[in-house]
Structure formats: C-alpha cells, structure tokens
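S.K.: Quick one: the structure is below, and I'll ask about it shortly.
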Amino acid sequence: MKLPHPSKSFLYLCLTFGLFLGRMSIPVEVNIRDNAIFTCNETCNGPLLWTFNTDNENLDVLKCVQESCTEGDNFKNRVSLKAGTLSLTLYLVLYNDEGWYMVNCDSVLLCRFHLKVLVPTTVSASVRSNVTLPCYARTEKQIADDAVNVLWKKDDQTVLQVQKGITMHGSGFTGRASVSLHHYKAGDLSLNILGVTTSEKGLYRCYHRTTEEHGYPGAVTLNVTAVQKSYAKKFRENLTLDLFGCDRVKVTFTGHDAAETLVCSVTENNTTCSSDYSHRVSIIKGFLVVRDATSSDTGTFTVRDKMGEVIGVNTVTVEGVTQRHHYIVLFITIGFILICLFLCCRCHRQSESQQYRCSYNAVPSNVDINPVPLIAPACIGLSQQETNPEPDVRPHTSVEETMPVPVKTTEKQDNTEEYIVTEIGFGQTI
C-alpha cells in the first residue's frame, strides 16, 4: 500500500481542519428589536448567498451575483452587507429571527452563526440599595459543590463565575456579587449585588454548565434610579443630604424660579461651594449639612456622581416661615383695628360731653327791655334737628322750671349810649 506524501497529508489535514472551522457556529446574542452583526472575514469571487435555517425552515436572506444583491422575502429592507466584506447586518431583530445564519460562496460554506434573541427582564433599584437579578435553570439536586458552573456577564465583561467550587469576581464586584450554591441545587442561579451604583446599570446575562447555555431569563436589564427623599424643616433647622459615599459628587439647587445653581462640588475631602452657601455648608461623614434653613432653601437639591448621573433628589420644604409671615400680617391688622376702635370711642365720648355754646346778644340801652322772642342761639356741632327741635311732647311743667330768667344784669351808662347785656342760663330755676 502506497502511503501519501507527508507534505500532501499535511495539506489535506489543514483543508479538513479549515472546513471544520468554517462549519463551526459562532454565537451571536442580541436583545429583541436591536441590530445583529454577523462578521465573516472570508472572501468570495463567485455568487454569494446568505441563508436562514431552523428545524422547520430554510430561507434565503440575501443573494448577490456580480455586486447585484436581492433580499429574501422575509428580510426585505432589514439586511445589508458591509462594504468590501461578507459581513451581514440584520436590523430590528424579531423574536422569530432566532436560528442559524450561513454564508456560502459558489455553494461552499464560509461562515456559520447561531443567533440568540433575548427578551430581557427589567429590574430597577435605587442607588446604594441591594438587588437580585433572577435566573433559573434545570440543575442536579445532588450536585457536588465543586461541580457547579455558573457565569454572569455584564456587557461581555465577567461579573461573577463559579467553576469547580472556586468563585471569581469581575472588576468592582469583589465582595459585592454572589450566587448561592444551596439555591443553585434548587435551580436558582440568581445574582445578588450589594450597594449598586449608576455605573452598574446595563444588560446582564446568565449561563450555566457551559458559557453557551442560558438560564431563564437569559438576560436581565438593570436600571439604577436616583434616591428620592422629601424633607420638611422648620425655620433655622439644619438640612442633611446624603452623598452616598461617592468620592466625587456635585450638589445643585433648583428653586421656585426653576433656575439650577451650584451648591457645592465635593472631591474626597475637598469642597468648593458657591458664595451663597460657603458660610453655612460643611461635609460631615459623607453627608452635606446646610445650616439654618430658611424659605430660600425651599426647593430641590440634586446630587450627581462623577459621571453626571443623578443619584439623589431631595425635595425640601422649610415650614413655619410662611405661617410666621401670616402671623405678622395678622398682628398688624389687629393692631390697626384696635387703634381705630380706640379713636372712634374717644370721639364718641367727646361728642356726648359737648355742651351747647351760645352767642351774646347786644341791645341798645334805650330799647324797651320787655321780653322779646328769643333768637335761636348759634350752637357748635349741633344738627339742624338739634337746633330746631320738634315741639316738646313731654308732660307740661311749670313756667318756673322752663322759662329762662336773667341771672344777672349789668347796666353801664356813658355819654353816648347805654348797653344792657343779659346772660341767659338754660335749665336754671328763677
């Protein structure tokens, strides 16, 4: 039997191995409605055909002949080739796009991909809180601890891996991420993270046994939200704001005018504050303390981390200031009313004690002094009704009680004329 030449045998093995590599599938994972990229670095000088295959279907995706390409019916306006390459981009991936994608050049297989379409479960947690990302799989109930295999990845970076009883952590997750081996035997591969930060939000994937076998759900989207707090402070109380232990934060304030102003920038132990706050702000054990709160502090204090992400929203209301102003206005109003009442009472008393004031009537001495009708006296501050009273309807009294009589008479004579001045008193008995 003639053996093949060694050089020919080596070439044959290389071709066989190359064909085997070409037929190996490359995993591609995307979230539903995202874009999938199938990167193929081979070259082709003949007819090119991309196909989609599942257990039930075999469909054309893209067919190119002499730089003229035609899309398959189920992929219209959703696929394109990267210029100068065989790499295919599939846009807005649908759930039933999951399957095998292969590219052939003149009926020769060049590249093969398996597309996994993920429908992530969304989990939300506030900054510095603890969170659990769910994942489940069929596991052996009596599996040995050193036979457990779990892998959690975030954006293609390792978060935690348990392999042969040894746990390894990705950067920043040491001492903070864990999986329970006891729960693993019950089919629970959930990932626990302590004190999440805004930089840890994103897409997490769970695998078991091998790195290609997903748990359920295969992906979890973690949203990290800001901590929302409300404070009701009394006038001149201190306000304490959490900085969440960050080594670099910025605190701003937004008042009723909706204008955001800087309060302080904190970098480790160095603090730079605006002139409005520098005299009454201090950093104490990771908290920002604003002393002597007033009505001007009513608004929102926002805390941002070094990436500019909002990690704390503090709504502040300073109580007592508005009521204090109302009390001042009320006291002033009451005082004004009391002063008005006092003045009115005083005027009323003066009007009650006022007496009639009568004028003097001068008559010549040679005039008959027989009684004549009295002229109504000129009185001060009396109404027409008082100066012209109605006829007295009271019971008749004696003339002696009602008739005015002279109290005294003074007669003075000189060479020209004589005056008689009579002073009349009312209500006096003769």
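Labeling convention for the structure tokens: chains A, B, ... as they appear, residues from 1 per chain, ligands from 1 in order of appearance.
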Skipping near chain neighbours, those fewer than 6 positions away, what residues fall within 9 Å of A:Leu94 using only C-alpha atoms, listed as a list in words?
M.R.: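 Within the cut-off, the hits are Ile32, Arg33, Asp34 and Val117 of chain A.
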S.K.: What's the 7 Å shell around A:Trp100, counting only C-alpha atoms, without same-chain residues fewer than 6 positions away, as a PDB file with all heavy atoms, in the first residue's frame?
M.R.:
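Once written, around-v9.pdb looks like this:
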```
ATOM      1  N   PHE A  52     -31.036  31.469   6.054  1.00  0.00           N
ATOM      2  CA  PHE A  52     -31.541  31.346   7.429  1.00  0.00           C
ATOM      3  C   PHE A  52     -32.124  29.947   7.569  1.00  0.00           C
ATOM      4  O   PHE A  52     -32.923  29.490   6.725  1.00  0.00           O
ATOM      5  CB  PHE A  52     -32.619  32.398   7.691  1.00  0.00           C
ATOM      6  CG  PHE A  52     -33.409  32.173   8.944  1.00  0.00           C
ATOM      7  CD1 PHE A  52     -32.849  32.381  10.188  1.00  0.00           C
ATOM      8  CD2 PHE A  52     -34.733  31.725   8.866  1.00  0.00           C
ATOM      9  CE1 PHE A  52     -33.586  32.166  11.345  1.00  0.00           C
ATOM     10  CE2 PHE A  52     -35.472  31.518  10.019  1.00  0.00           C
ATOM     11  CZ  PHE A  52     -34.900  31.728  11.260  1.00  0.00           C
ATOM     12  N   ASN A  53     -31.721  29.233   8.644  1.00  0.00           N
ATOM     13  CA  ASN A  53     -32.149  27.849   8.811  1.00  0.00           C
ATOM     14  C   ASN A  53     -32.620  27.593  10.238  1.00  0.00           C
ATOM     15  O   ASN A  53     -31.993  28.046  11.213  1.00  0.00           O
ATOM     16  CB  ASN A  53     -31.000  26.881   8.512  1.00  0.00           C
ATOM     17  CG  ASN A  53     -30.520  26.981   7.076  1.00  0.00           C
ATOM     18  OD1 ASN A  53     -31.053  26.352   6.184  1.00  0.00           O
ATOM     19  ND2 ASN A  53     -29.482  27.782   6.865  1.00  0.00           N
ATOM     20  N   THR A  54     -33.705  26.883  10.339  1.00  0.00           N
ATOM     21  CA  THR A  54     -34.190  26.352  11.612  1.00  0.00           C
ATOM     22  C   THR A  54     -34.567  24.899  11.362  1.00  0.00           C
ATOM     23  O   THR A  54     -34.378  24.354  10.263  1.00  0.00           O
ATOM     24  CB  THR A  54     -35.416  27.137  12.131  1.00  0.00           C
ATOM     25  OG1 THR A  54     -36.515  26.940  11.215  1.00  0.00           O
ATOM     26  CG2 THR A  54     -35.104  28.615  12.256  1.00  0.00           C
ATOM     27  N   PHE A 113     -23.317  31.065  11.796  1.00  0.00           N
ATOM     28  CA  PHE A 113     -23.622  31.775  13.042  1.00  0.00           C
ATOM     29  C   PHE A 113     -24.929  31.240  13.624  1.00  0.00           C
ATOM     30  O   PHE A 113     -25.827  30.814  12.878  1.00  0.00           O
ATOM     31  CB  PHE A 113     -23.786  33.282  12.793  1.00  0.00           C
ATOM     32  CG  PHE A 113     -22.597  33.924  12.134  1.00  0.00           C
ATOM     33  CD1 PHE A 113     -22.481  33.951  10.742  1.00  0.00           C
ATOM     34  CD2 PHE A 113     -21.599  34.499  12.898  1.00  0.00           C
ATOM     35  CE1 PHE A 113     -21.391  34.543  10.134  1.00  0.00           C
ATOM     36  CE2 PHE A 113     -20.497  35.088  12.293  1.00  0.00           C
ATOM     37  CZ  PHE A 113     -20.399  35.115  10.906  1.00  0.00           C
ATOM     38  N   HIS A 114     -25.010  31.293  14.974  1.00  0.00           N
ATOM     39  CA  HIS A 114     -26.280  30.991  15.633  1.00  0.00           C
ATOM     40  C   HIS A 114     -26.745  32.237  16.388  1.00  0.00           C
ATOM     41  O   HIS A 114     -26.044  32.741  17.270  1.00  0.00           O
ATOM     42  CB  HIS A 114     -26.158  29.820  16.612  1.00  0.00           C
ATOM     43  CG  HIS A 114     -27.463  29.453  17.241  1.00  0.00           C
ATOM     44  ND1 HIS A 114     -27.853  29.894  18.488  1.00  0.00           N
ATOM     45  CD2 HIS A 114     -28.500  28.696  16.767  1.00  0.00           C
ATOM     46  CE1 HIS A 114     -29.041  29.441  18.768  1.00  0.00           C
ATOM     47  NE2 HIS A 114     -29.465  28.695  17.742  1.00  0.00           N
ATOM     48  N   LEU A 115     -27.916  32.725  15.997  1.00  0.00           N
ATOM     49  CA  LEU A 115     -28.468  33.939  16.604  1.00  0.00           C
ATOM     50  C   LEU A 115     -29.404  33.576  17.744  1.00  0.00           C
ATOM     51  O   LEU A 115     -30.346  32.784  17.571  1.00  0.00           O
ATOM     52  CB  LEU A 115     -29.224  34.760  15.557  1.00  0.00           C
ATOM     53  CG  LEU A 115     -29.937  36.014  16.081  1.00  0.00           C
ATOM     54  CD1 LEU A 115     -28.921  37.024  16.626  1.00  0.00           C
ATOM     55  CD2 LEU A 115     -30.793  36.651  14.987  1.00  0.00           C
TER      56      LEU A 115
END
```
S.K.: Write out as number ranges by chain each polymer residue whose atoms come within 10 Å of A:Leu243, counting only C-alpha atoms; drop sequence neighbours fewer than 3 positions from it.
M.R.: A: 240, 246-251, 266, 283, 285-288, 303-305, 311-312
S.K.: Rank A:Val93, A:Leu81, A:Leu189, A:Val290 by their smallest atom-to-atom distance to A:Trp50, using only C-alpha atoms, and report the top residue only.
M.R.: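 Ranking A:Val93, A:Leu81, A:Leu189, A:Val290 by distance to A:Trp50, first place goes to A:Leu81.
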S.K.: For the atom pair atom CA of A:Val119 and atom CA of A:Lys141, what is the interatomic distance in Å to one decimal place?
M.R.: 27.8 Å
S.K.: Please determine, counting only C-alpha atoms, which residue among A:Asn192, A:Ser171, A:Asn56, A:Thr221 has the shortest atom-to-atom distance to A:Ser124.
M.R.: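 So, comparing all the options, the nearest one is A:Thr221.
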S.K.: When distances are computed from only C-alpha atoms, which of A:Glu67, A:Asp60, A:Asp155, A:Glu98 shows the smallest separation from A:Leu86?
M.R.: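 Comparing A:Glu67, A:Asp60, A:Asp155, A:Glu98 against A:Leu86, the winner is A:Glu67.
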S.K.: I need the residues of stretch 138-302 of chain A that end up classed as strand (DSSP E or B) by DSSP on the backbone, written out as an MDAnalysis selection string.
M.R.: chainID A and resid 149:154 157:163 166:169 177:178 188 191:193 202:208 210:225 227:234 239:242 248:254 260:267 270:273 281:284 287:290 299:302
S.K.: Find, counting only C-alpha atoms, the residue in A:Asn77, A:Thr167, A:Ile37, A:Val127 that gets nearest to A:Ser199.
M.R.: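 Closest to A:Ser199 of all the choices is A:Val127.
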S.K.: Give me, as an MDAnalysis selection string, the residues of stretch 134-239 of chain A that a backbone DSSP run labels helix (DSSP H, G or I).
M.R.: chainID A and resid 145:147 181:184 198:200
S.K.: Please provide as number ranges by chain all residues within 9 Å of A:Leu181, with the sequence filter that same-chain residues fewer than 5 positions apart are discarded (counting only C-alpha atoms).
M.R.: A: 145, 148, 188-189
S.K.: For the residues selected in the previous step, produce a file with all heavy atoms as a short mmCIF file (atom, residue, chain, number, x, y, z; two decimals), in the first residue's frame.
M.R.:
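part07.cif, freshly written:
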```
data_model
loop_
_atom_site.label_atom_id
_atom_site.label_comp_id
_atom_site.auth_asym_id
_atom_site.auth_seq_id
_atom_site.Cartn_x
_atom_site.Cartn_y
_atom_site.Cartn_z
N ASP A 145 -20.56 20.52 45.25
CA ASP A 145 -20.24 21.95 45.17
C ASP A 145 -19.13 22.23 44.16
O ASP A 145 -19.15 23.25 43.47
CB ASP A 145 -19.82 22.47 46.55
CG ASP A 145 -21.00 22.51 47.52
OD1 ASP A 145 -22.15 22.38 47.06
OD2 ASP A 145 -20.75 22.68 48.73
N VAL A 148 -20.33 22.68 40.38
CA VAL A 148 -21.23 23.77 39.99
C VAL A 148 -20.53 24.70 39.00
O VAL A 148 -19.35 25.05 39.19
CB VAL A 148 -21.68 24.57 41.23
CG1 VAL A 148 -22.43 25.81 40.81
CG2 VAL A 148 -22.54 23.69 42.12
N ASP A 188 -31.96 27.73 41.21
CA ASP A 188 -31.94 29.20 41.30
C ASP A 188 -30.50 29.68 41.15
O ASP A 188 -29.66 29.45 42.01
CB ASP A 188 -32.52 29.63 42.65
CG ASP A 188 -32.70 31.14 42.76
OD1 ASP A 188 -32.23 31.87 41.86
OD2 ASP A 188 -33.32 31.60 43.74
N LEU A 189 -30.24 30.38 40.04
CA LEU A 189 -28.90 30.90 39.76
C LEU A 189 -28.83 32.42 39.94
O LEU A 189 -27.93 33.08 39.42
CB LEU A 189 -28.48 30.56 38.32
CG LEU A 189 -28.10 29.12 37.98
CD1 LEU A 189 -29.24 28.15 38.16
CD2 LEU A 189 -27.59 29.05 36.54
#
```
